[in-house]
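> Dumping the structure here so I can ask a few things about it.
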Amino acid sequence: MSAAVSIVLPTRNGGARLQSVFDALRRQRHTAPLEIVVVDSGSTDGTLALAKQRADVVISVDPRQFNHGATRNLGIERAQGKFVILLVQDAVPVGDDWLATLVEPLNRNERLAGTFGRQVPEPIASPLTRHYLSLWRAAGPEPRVVFVGSQQEFKGLPPEERFDRCIIDNVCACIRRDVWTRFPFLTTPIAEDLAWGRDVLLAGFGLAYVPGAAVEHSHERSARYELTRTWVLHQQLYELFGLRTIPTLGDLGRAVASSLRLHHRLLSEHQADLRAQLRGARLAIAWPLGQYMGGWTAAHGRDWHPRGA
């Protein structure tokens with residue numbers, strides 16, 4: 001019998017937290033069959049063995065061939081469910097009704113192409129992580145449903161509004177498989193979910209944010225990693241929406257200065273040590289610089305980015 005819901009989960013060295021993800025998935029109260037499809041890209045820490053124990057389908061791909069869009073397409077191709085939930089290996093579902101809550105709007109409204117859930121920080125998340133996550137569309141308390149009246153209407157919106165309308169986040173999302181067959185994810189280094197959101201909205205479908213379906217998910221990454229990721233992301237934001245969040249050197253200087261003040265204040269309020277303050281200062285430079293350089297390189301047709309991207 002075909003599964004009503006499939007979960008596609010890319011993995012690579014998921015560690016102990018992946019066990020918590022599997023446990024949370026198997027606790028879900030959902031009457032229809034559930035299928036878990038893992039796409040592993042070269043794990044060496046026992047993740048592959050765990051996946052073979054806990055998942056229904058396990059696919060192995062060369063880590064050198066990993067791509068956010070293409071790898072997810074591979075998992076969805078093997079999935080059988082009418083609805084496909086896209087999850088990441090460190091996003092732990094909260095509660096045993098997470099799955100049903102995420103899927104319910106799609107059962108109720110056939111015009112919706114996808115839903116996405118709320119992200120809440122891990123208990124150990126830093127003040128900076130908590131602050132910036134709180135600003136993300138997939139962290140707020142209010143639900144929303146988005147449709148676009150026409151392509152002309154969409155093109156007439158400012159870039160930041162075009163971006164906001166298209167938000168769907170594959171950290172925790174659910175899509176209709178039959179819509180995906182028409183609009184598979186693009187082969188792209190990042191933001192495959194935003195590109196998909198744009199394509200389905202322009203085709204007349206809608207997207208819904210479902211804050212009642214939450215996952216615990218946050219990161220404490222290095223400034224170097226954040227510079228690279230932000231740079232590549234903002235290249236994509238320009239390509240998709242014409243968006244440049246920090247368009248000039250003057251804007252960059254002001255953004256760095258304000259970020260330094262904000263980070264110092266947030267960390268001081270939590271009595272952070274010198275090491276945390278230094279990391280905060282590096283991030284205050286990395287995030288604005290990545291935004292500026294990502295937008296600048298895309299706007300000037302320069303397809304380059306920091307090493308490691």
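In the structure tokens, chains take the letters A, B, ... in the order shown, each chain's residues start at 1, and ligands count up from 1 in the order shown.
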Taking 3 positions as the minimum chain separation for residues in the same chain, which residues sit within 9 Å of Arg64 in chain A when counting only C-alpha atoms? Answer as a PyMOL selection string.
chain A and resi 41-42+61+67
> Using DSSP on the backbone, list every residue of range 83-201 of chain A that comes out as strand (DSSP E or B), and give them as a list in words.
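Reading the DSSP output for range 83-201 of chain A, strand (DSSP E or B) covers Phe83, Val84, Ile85, Leu86, Leu87, Val92, Pro93, Leu112, Ala113, Gly114, Thr115, Phe116, Gly117, Arg118, Gln119, Val120, Arg144, Val145, Val146, Cys172, Ala173, Cys174, Ile175 and Arg176 of chain A.
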> Extract, using only C-alpha atoms, all DNA, RNA and protein residues at most 7 Å from range 241-243 of chain A, discarding same-chain residues fewer than 3 positions from it, and format them as a list in words.
Pro159, Glu160, Arg162, Phe163, Leu237 and Tyr238 of chain A
> Would you mind exporting N, CA and C atoms of the selected residues as a PDB file, in the first residue's frame?

ATOM      1  N   PRO A 159      11.313  44.198  -4.458  1.00  0.00           N
ATOM      2  CA  PRO A 159      12.052  42.929  -4.308  1.00  0.00           C
ATOM      3  C   PRO A 159      11.872  42.278  -2.950  1.00  0.00           C
ATOM      4  N   GLU A 160      11.878  43.059  -1.862  1.00  0.00           N
ATOM      5  CA  GLU A 160      11.747  42.456  -0.539  1.00  0.00           C
ATOM      6  C   GLU A 160      10.381  41.818  -0.340  1.00  0.00           C
ATOM      7  N   ARG A 162       8.545  40.511  -2.913  1.00  0.00           N
ATOM      8  CA  ARG A 162       8.564  39.295  -3.737  1.00  0.00           C
ATOM      9  C   ARG A 162       9.234  38.162  -2.957  1.00  0.00           C
ATOM     10  N   PHE A 163      10.339  38.474  -2.326  1.00  0.00           N
ATOM     11  CA  PHE A 163      11.037  37.480  -1.499  1.00  0.00           C
ATOM     12  C   PHE A 163      10.129  36.969  -0.381  1.00  0.00           C
ATOM     13  N   LEU A 237      19.313  35.378  -3.857  1.00  0.00           N
ATOM     14  CA  LEU A 237      18.213  36.324  -3.636  1.00  0.00           C
ATOM     15  C   LEU A 237      18.168  37.384  -4.732  1.00  0.00           C
ATOM     16  N   TYR A 238      19.330  37.789  -5.215  1.00  0.00           N
ATOM     17  CA  TYR A 238      19.337  38.751  -6.322  1.00  0.00           C
ATOM     18  C   TYR A 238      18.839  38.079  -7.596  1.00  0.00           C
TER      19      TYR A 238
END
> Please tabulate, as a Markdown table, the residues of range 55-154 of chain A that come within 7 Å of range 179-203 of chain A, each with its closest pair of atoms and the distance in Å to one decimal, counting only C-alpha atoms and ordering rows by chain, then residue number upward.

| residue | atom | partner | partner_atom | distance |
| --- | --- | --- | --- | --- |
| A:Asn67 | CA | A:Pro189 | CA | 5.9 |
| A:His68 | CA | A:Pro189 | CA | 5.9 |
| A:Gly69 | CA | A:Thr187 | CA | 4.8 |
| A:Ala70 | CA | A:Thr187 | CA | 5.1 |
| A:Asn73 | CA | A:Phe185 | CA | 6.3 |
| A:Ala113 | CA | A:Val179 | CA | 6.4 |
| A:Phe147 | CA | A:Leu201 | CA | 6.2 |
| A:Val148 | CA | A:Leu201 | CA | 6.0 |
| A:Ser150 | CA | A:Leu202 | CA | 6.8 |
| A:Gln151 | CA | A:Leu202 | CA | 5.8 |
> For Glu110 in chain A, which of A:Ile124, A:Val171, A:Ala91, A:Ala208 is the closest residue, counting only C-alpha atoms?
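Among the listed residues, A:Ala208 lies closest to Glu110 in chain A.
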> From a backbone DSSP assignment, name each residue in range 54-159 of chain A labelled helix (DSSP H, G or I), as a PyMOL selection string.
chain A and resi 54+63-65+68-78+98-108+127-134+137-139+151-155+159
> Just write the chosen residues, N, CA and C atoms, as a compact mmCIF listing (two decimals), in the first residue's frame.

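Ended up saving to out25.txt:
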# COMPACT_ATOMS: atom_id res chain seq x y z
N ARG A 54 16.18 2.54 10.93
CA ARG A 54 15.00 3.34 11.29
C ARG A 54 14.18 3.82 10.10
N PRO A 63 29.12 12.43 -1.78
CA PRO A 63 29.07 13.76 -1.17
C PRO A 63 29.52 14.85 -2.12
N ARG A 64 30.37 14.53 -3.07
CA ARG A 64 30.81 15.53 -4.04
C ARG A 64 29.69 15.91 -4.99
N GLN A 65 28.64 15.09 -5.05
CA GLN A 65 27.52 15.35 -5.93
C GLN A 65 26.32 15.94 -5.19
N HIS A 68 21.46 20.85 -2.94
CA HIS A 68 20.24 21.00 -2.14
C HIS A 68 18.98 20.68 -2.95
N GLY A 69 18.92 21.11 -4.20
CA GLY A 69 17.74 20.82 -5.00
C GLY A 69 17.74 19.43 -5.57
N ALA A 70 18.84 19.04 -6.23
CA ALA A 70 18.89 17.74 -6.90
C ALA A 70 18.81 16.58 -5.93
N THR A 71 19.45 16.71 -4.76
CA THR A 71 19.41 15.62 -3.78
C THR A 71 18.01 15.42 -3.24
N ARG A 72 17.31 16.50 -2.98
CA ARG A 72 15.92 16.36 -2.52
C ARG A 72 15.03 15.78 -3.61
N ASN A 73 15.26 16.19 -4.85
CA ASN A 73 14.51 15.58 -5.96
C ASN A 73 14.69 14.07 -5.99
N LEU A 74 15.91 13.62 -5.76
CA LEU A 74 16.19 12.18 -5.77
C LEU A 74 15.38 11.47 -4.69
N GLY A 75 15.32 12.05 -3.50
CA GLY A 75 14.53 11.44 -2.43
C GLY A 75 13.05 11.42 -2.74
N ILE A 76 12.55 12.52 -3.32
CA ILE A 76 11.12 12.59 -3.63
C ILE A 76 10.76 11.61 -4.75
N GLU A 77 11.66 11.42 -5.69
CA GLU A 77 11.41 10.43 -6.75
C GLU A 77 11.14 9.04 -6.18
N ARG A 78 11.83 8.70 -5.10
CA ARG A 78 11.66 7.38 -4.48
C ARG A 78 10.51 7.33 -3.49
N TRP A 98 2.76 17.04 15.39
CA TRP A 98 3.49 17.88 14.44
C TRP A 98 3.14 17.52 13.00
N LEU A 99 3.21 16.26 12.66
CA LEU A 99 2.97 15.83 11.29
C LEU A 99 1.55 16.15 10.85
N ALA A 100 0.58 15.79 11.66
CA ALA A 100 -0.81 16.03 11.30
C ALA A 100 -1.09 17.52 11.12
N THR A 101 -0.49 18.35 11.97
CA THR A 101 -0.70 19.79 11.89
C THR A 101 -0.10 20.36 10.61
N LEU A 102 1.06 19.86 10.21
CA LEU A 102 1.73 20.35 9.01
C LEU A 102 0.96 19.95 7.75
N VAL A 103 0.37 18.78 7.75
CA VAL A 103 -0.31 18.25 6.57
C VAL A 103 -1.74 18.78 6.45
N GLU A 104 -2.38 19.08 7.58
CA GLU A 104 -3.81 19.39 7.59
C GLU A 104 -4.24 20.48 6.60
N PRO A 105 -3.52 21.60 6.46
CA PRO A 105 -3.96 22.61 5.49
C PRO A 105 -3.99 22.09 4.05
N LEU A 106 -3.10 21.16 3.70
CA LEU A 106 -3.10 20.60 2.35
C LEU A 106 -4.30 19.71 2.12
N ASN A 107 -4.73 19.02 3.16
CA ASN A 107 -5.96 18.23 3.05
C ASN A 107 -7.19 19.11 2.90
N ARG A 108 -7.13 20.28 3.53
CA ARG A 108 -8.29 21.17 3.55
C ARG A 108 -8.39 22.04 2.30
N PRO A 127 22.39 33.90 22.67
CA PRO A 127 21.52 35.07 22.51
C PRO A 127 21.47 35.58 21.07
N LEU A 128 22.59 35.53 20.36
CA LEU A 128 22.59 35.99 18.97
C LEU A 128 21.73 35.08 18.10
N THR A 129 21.88 33.78 18.29
CA THR A 129 21.08 32.83 17.52
C THR A 129 19.60 33.03 17.78
N ARG A 130 19.23 33.20 19.03
CA ARG A 130 17.82 33.40 19.38
C ARG A 130 17.28 34.69 18.74
N HIS A 131 18.09 35.73 18.77
CA HIS A 131 17.64 37.02 18.22
C HIS A 131 17.39 36.90 16.72
N TYR A 132 18.38 36.39 15.99
CA TYR A 132 18.23 36.36 14.53
C TYR A 132 17.19 35.34 14.07
N LEU A 133 17.06 34.23 14.77
CA LEU A 133 16.01 33.29 14.42
C LEU A 133 14.64 33.92 14.61
N SER A 134 14.48 34.75 15.64
CA SER A 134 13.18 35.38 15.91
C SER A 134 12.74 36.30 14.78
N ARG A 137 10.79 34.56 9.05
CA ARG A 137 9.37 34.31 8.82
C ARG A 137 8.94 32.98 9.42
N ALA A 138 9.82 31.97 9.38
CA ALA A 138 9.49 30.64 9.89
C ALA A 138 9.78 30.51 11.38
N ALA A 139 9.61 31.61 12.12
CA ALA A 139 9.79 31.56 13.57
C ALA A 139 8.68 32.32 14.29
N GLN A 151 1.17 37.11 -12.52
CA GLN A 151 2.60 37.35 -12.69
C GLN A 151 2.88 38.84 -12.78
N GLN A 152 1.99 39.59 -13.40
CA GLN A 152 2.18 41.04 -13.50
C GLN A 152 2.16 41.68 -12.12
N GLU A 153 1.21 41.23 -11.28
CA GLU A 153 1.14 41.76 -9.91
C GLU A 153 2.43 41.44 -9.15
N PHE A 154 2.93 40.23 -9.31
CA PHE A 154 4.14 39.82 -8.61
C PHE A 154 5.33 40.67 -9.05
N LYS A 155 5.48 40.87 -10.35
CA LYS A 155 6.60 41.65 -10.87
C LYS A 155 6.54 43.10 -10.40
N PRO A 159 11.31 44.20 -4.46
CA PRO A 159 12.05 42.93 -4.31
C PRO A 159 11.87 42.28 -2.95
